[in-house]
Amino acid sequence: MVRLSEERRSRNSGDSEIHADHTSVSSQATGAGLQNHDPKTQSSQINGEDPDQKLREAGSRQTSIAMGDYNGAEYVVINTIHSPRANRGRKVSVLPLVFLIFYEVSGGPFGIEDSVNAAGPLLALAGFLIFPLIWSVPEALITAEMGTMFPENGGYVVWVSSALGPFCGFQQGWMKWLSGVIDNALYPVLFLDYLKSGIPALGGGLPRVLAVLAITVVLTYMNYRGLVIVGWVAVLLGIFSILPFVVMGFISIPKLQPKRWLVADIHNVDWNLYLNTLFWNLNYWDSISTLAGEVENPRKTLPTALFYALILVVLGYFFPLLTGTGAIPLQRELWTDGYFSDVAKVIGGVWLRWWIQGAAAMSNMGMFVAEMSSDSFQLLGMAERGMLPEFFAKRSRYGTPLVGILFSASGVLLLSWLSFQEIVAAENFMYCFGMMLEFIAFIRLRMIAPTAPRPYKIPVGTVGAILLCIPPTILIGVVLAFSSLKVMIVSLVAVMLGLILYPCLKQCEKKRWLRFSTSPDLPDFHTGSRENETLVD
């Protein structure tokens with residue numbers, strides 16, 4: 001059984017009834033990837049038995065499953081009571097979830113232009129094929145396993161808390177939330193960068209400030225209205241954002257010159273810009289885990305959506321880059337954010353340029369609402385686990401985290417004055433720290449909780465889990481090593497704030513200056529006899 005801190009038991013005293021869900025594993029894989037089958041479940045009540053022994057017996061029957069299989073494992077739940085705070089409304093299904101992940105990670109090829117500027121066409125194309133294998137696939141696989149093991153809002157915060165304790169869980173939540181807010185500050189900037197070539201007034205000054213404010217307010221309101229609405233808006237925006245690049249690809253065929261793809265100058269590469277551009281465009285697969293509590297049948301839906309989103313993201317980067325670098329003569333210095341609209345004008349004319357600019361605007365809207373949903377539901381999930389004050393768990397009448405949305409929107413407005421490159425570098429630095437904690441938590445759970453129920457399980461053992469994390473960990477080290485001194489100092493100060501904030505909140509809870517509570521609607525994991533003991537027998 002997975003254990004949270006002893007503090008939780010003090011907030012949830014009383015006798016608990018233990019229910020164990022067992023399922024007959026009758027599904028078989030019909031394809032590769034992260035797809036699962038929906039099993040038939042059968043529940044039984046445990047009476048007069050040692051719950052830890054029962055879990056060990058159930059877990060011992062679980063073996064490593066092939067990718068694409070669903071093994072029917074369920075939570076072992078203690079004292080599950082429905083809470084009026086929980087969202088009883090409509091849940092997010094597979095298709096909206098695919099596009100929410102698409103926008104969490106990508107949103108289309110807007111912003112990848114700097115990879116050509118930094119390293120030339122060959123390395124840019126190679127990067128968007130090789131980098132997903134090193135980073136995106138391991139992160140998506142880990143998200144599928146851990147997200148189905150803990151299908152609740154809070155996502156990676158709950159993973160780390162269960163493996164390493166509440167202090168590390170809070171630091172994970174702080175760094176990933178701050179990274180997400182920094183990331184979200186990019187999208188009004190990118191939105192206006194694409195429009196400023198057609199509307200020069202948006203390039204700076206008061207018009208730009210007012211435009212950022214207006215964009216933030218409108219999209220924040222969309223998040224307030226509900227995640228299901230956000231999901232289907234993401235589907236429509238995604239189709240609109242991808243279509244012009246499909247059209248541009250067909251138009252460019254007569255103009256393609258394959259030799260242009262092979263241009264490389266290894267002695268003239270801006271490795272910092274190159275790695276940061278790749279890293280920013282191919283991370284955040286784990287962000288969707290903070291919405292798991294709002295997903296319809298997350299044990300099946302989450303891995304399936306991750307699989308299709310991975311394909312969509314890689315193709316959505318590679319083919320537009322192939323078109324842009326192969327159809328026009330190379331001028332590396334022009335390849336900066338917003339340059340795809342100029343490429344479209346050369347290839348197809350002014351009408352295609354305007355379509356690309358409109359698609360960029362829609363894409364940035366999609367990325368904004370998806371990221372804000374993840375950030376705000378993360379705060380809600382942390383509050384429901386007692387890590388943040390209770391008011392963060394307050395939902396609007398649409399089931400959305402009202403206070404979390406307001407906090408996230410405020411952070412976006414405060415950070416939107418930074419430049420594109422500064423935001424990317426600062427965000428990547430914070431994100432790297434959070435990912436290292438996730439990798440440690442994933443491996444630790446495999447080592448000390450090998451028999452814990454995992455509805456989706458990567459078909460590798462403990463050694464395989466460690467090997468899976470080595471390449472992305474090396475990559476994290478390289479990204480951190482290439483960070484500028486300014487970004488490093490700012491990011492370390494932010495980390496220090498998190499270290500100070502945790503004891504301050506604990507003091508507020510102890511003195512009862514703020515109210516903290518744990519939602520009884522969530523699964524309760526057995527607690528050890530020692531204070532702050534974590535994890536599994």
# chains A, B, ... in the order shown; residues from 1 in each chain; ligands from 1
$ select_by_dssp --residues "stretch 274-405 of chain A" --states "strand (DSSP E or B)" --output "VMD selection string"
chain A and resid 295 385 395 401
$ closest_atom_pairs --of "stretch 213-294 of chain A" --to "stretch 349-365 of chain A" --cutoff "9 Å" --atoms "only C-alpha atoms" --output "JSON lines"
{"residue": "A:Ile215", "atom": "CA", "partner": "A:Met365", "partner_atom": "CA", "distance": 8.3}
{"residue": "A:Leu219", "atom": "CA", "partner": "A:Met365", "partner_atom": "CA", "distance": 7.1}
{"residue": "A:Ala234", "atom": "CA", "partner": "A:Ser363", "partner_atom": "CA", "distance": 8.6}
{"residue": "A:Leu237", "atom": "CA", "partner": "A:Met362", "partner_atom": "CA", "distance": 5.8}
{"residue": "A:Gly238", "atom": "CA", "partner": "A:Ser363", "partner_atom": "CA", "distance": 6.8}
{"residue": "A:Phe240", "atom": "CA", "partner": "A:Ala359", "partner_atom": "CA", "distance": 6.2}
{"residue": "A:Ser241", "atom": "CA", "partner": "A:Ala359", "partner_atom": "CA", "distance": 4.3}
{"residue": "A:Ile242", "atom": "CA", "partner": "A:Ala359", "partner_atom": "CA", "distance": 7.6}
{"residue": "A:Leu243", "atom": "CA", "partner": "A:Ala359", "partner_atom": "CA", "distance": 8.5}
{"residue": "A:Pro244", "atom": "CA", "partner": "A:Ile356", "partner_atom": "CA", "distance": 6.1}
{"residue": "A:Phe245", "atom": "CA", "partner": "A:Ile356", "partner_atom": "CA", "distance": 7.7}
{"residue": "A:Val247", "atom": "CA", "partner": "A:Leu352", "partner_atom": "CA", "distance": 8.7}
{"residue": "A:Met248", "atom": "CA", "partner": "A:Leu352", "partner_atom": "CA", "distance": 7.7}
$ closest_residue --among "A:Pro329, A:Pro303, A:Gly386, A:Gly107" --to "A:Val369" --atoms "only C-alpha atoms"
A:Gly107
$ closest_residue --among "A:Leu514, A:Ile470, A:Leu437, A:Ile229" --to "A:Ser162" --atoms "only C-alpha atoms"
A:Leu437
$ select_by_dssp --residues "stretch 173-267 of chain A" --states "alpha helix (DSSP H)" --output "PyMOL selection string"
chain A and resi 173-184+186-195+205-224+227-252
$ closest_atom_pairs --of "stretch 80-162 of chain A" --to "stretch 256-267 of chain A" --cutoff "6 Å" --atoms "only C-alpha atoms" --output "Markdown table"
| residue | atom | partner | partner_atom | distance |
| --- | --- | --- | --- | --- |
| A:Gly120 | CA | A:Ala264 | CA | 5.5 |
| A:Pro121 | CA | A:Trp261 | CA | 5.4 |
| A:Leu122 | CA | A:Leu262 | CA | 5.0 |
$ atom_distance --atom1 "atom CA of A:Leu406" --atom2 "atom CA of A:Met488"
27.7 Å
$ closest_residue --among "A:Tyr221, A:Ile458, A:Arg512, A:Leu192" --to "A:Pro207" --atoms "only C-alpha atoms"
A:Leu192
$ closest_residue --among "A:Pro503, A:Pro472, A:Gly348, A:Pro166" --to "A:Pro132" --atoms "only C-alpha atoms"
A:Pro472
$ atom_distance --atom1 "atom CA of A:Gly316" --atom2 "atom CA of A:Ser106"
8.3 Å
$ closest_atom_pairs --of "stretch 204-290 of chain A" --to "stretch 475-487 of chain A" --cutoff "9 Å" --atoms "only C-alpha atoms" --output "tab-separated table"
residue	atom	partner	partner_atom	distance
A:Trp271	CA	A:Phe482	CA	7.6
A:Asn272	CA	A:Phe482	CA	5.3
A:Leu273	CA	A:Phe482	CA	8.9
A:Leu275	CA	A:Val479	CA	6.5
A:Asn276	CA	A:Val479	CA	6.9
A:Phe279	CA	A:Val479	CA	8.2
$ write_last_selection --atoms "N, CA, C and O atoms" --output "PDB file, in the first residue's frame"
ATOM      1  N   TRP A 271      24.467  26.080 -29.132  1.00  0.00           N
ATOM      2  CA  TRP A 271      23.934  24.905 -28.449  1.00  0.00           C
ATOM      3  C   TRP A 271      22.914  25.261 -27.372  1.00  0.00           C
ATOM      4  O   TRP A 271      21.956  24.508 -27.135  1.00  0.00           O
ATOM      5  N   ASN A 272      23.103  26.380 -26.706  1.00  0.00           N
ATOM      6  CA  ASN A 272      22.147  26.788 -25.671  1.00  0.00           C
ATOM      7  C   ASN A 272      20.758  27.028 -26.272  1.00  0.00           C
ATOM      8  O   ASN A 272      19.749  26.505 -25.798  1.00  0.00           O
ATOM      9  N   LEU A 273      20.715  27.805 -27.351  1.00  0.00           N
ATOM     10  CA  LEU A 273      19.439  28.091 -28.012  1.00  0.00           C
ATOM     11  C   LEU A 273      18.850  26.831 -28.629  1.00  0.00           C
ATOM     12  O   LEU A 273      17.640  26.581 -28.544  1.00  0.00           O
ATOM     13  N   LEU A 275      19.292  23.539 -27.796  1.00  0.00           N
ATOM     14  CA  LEU A 275      18.780  22.589 -26.812  1.00  0.00           C
ATOM     15  C   LEU A 275      17.549  23.122 -26.094  1.00  0.00           C
ATOM     16  O   LEU A 275      16.584  22.385 -25.853  1.00  0.00           O
ATOM     17  N   ASN A 276      17.557  24.411 -25.758  1.00  0.00           N
ATOM     18  CA  ASN A 276      16.405  24.993 -25.090  1.00  0.00           C
ATOM     19  C   ASN A 276      15.167  24.980 -25.986  1.00  0.00           C
ATOM     20  O   ASN A 276      14.043  24.762 -25.511  1.00  0.00           O
ATOM     21  N   PHE A 279      13.997  21.320 -26.155  1.00  0.00           N
ATOM     22  CA  PHE A 279      13.487  20.908 -24.850  1.00  0.00           C
ATOM     23  C   PHE A 279      12.125  21.541 -24.580  1.00  0.00           C
ATOM     24  O   PHE A 279      11.193  20.868 -24.134  1.00  0.00           O
TER      25      PHE A 279
END
$ closest_residue --among "A:Ile101, A:Leu236, A:Ile288, A:Leu210" --to "A:Leu310" --atoms "only C-alpha atoms"
A:Ile101
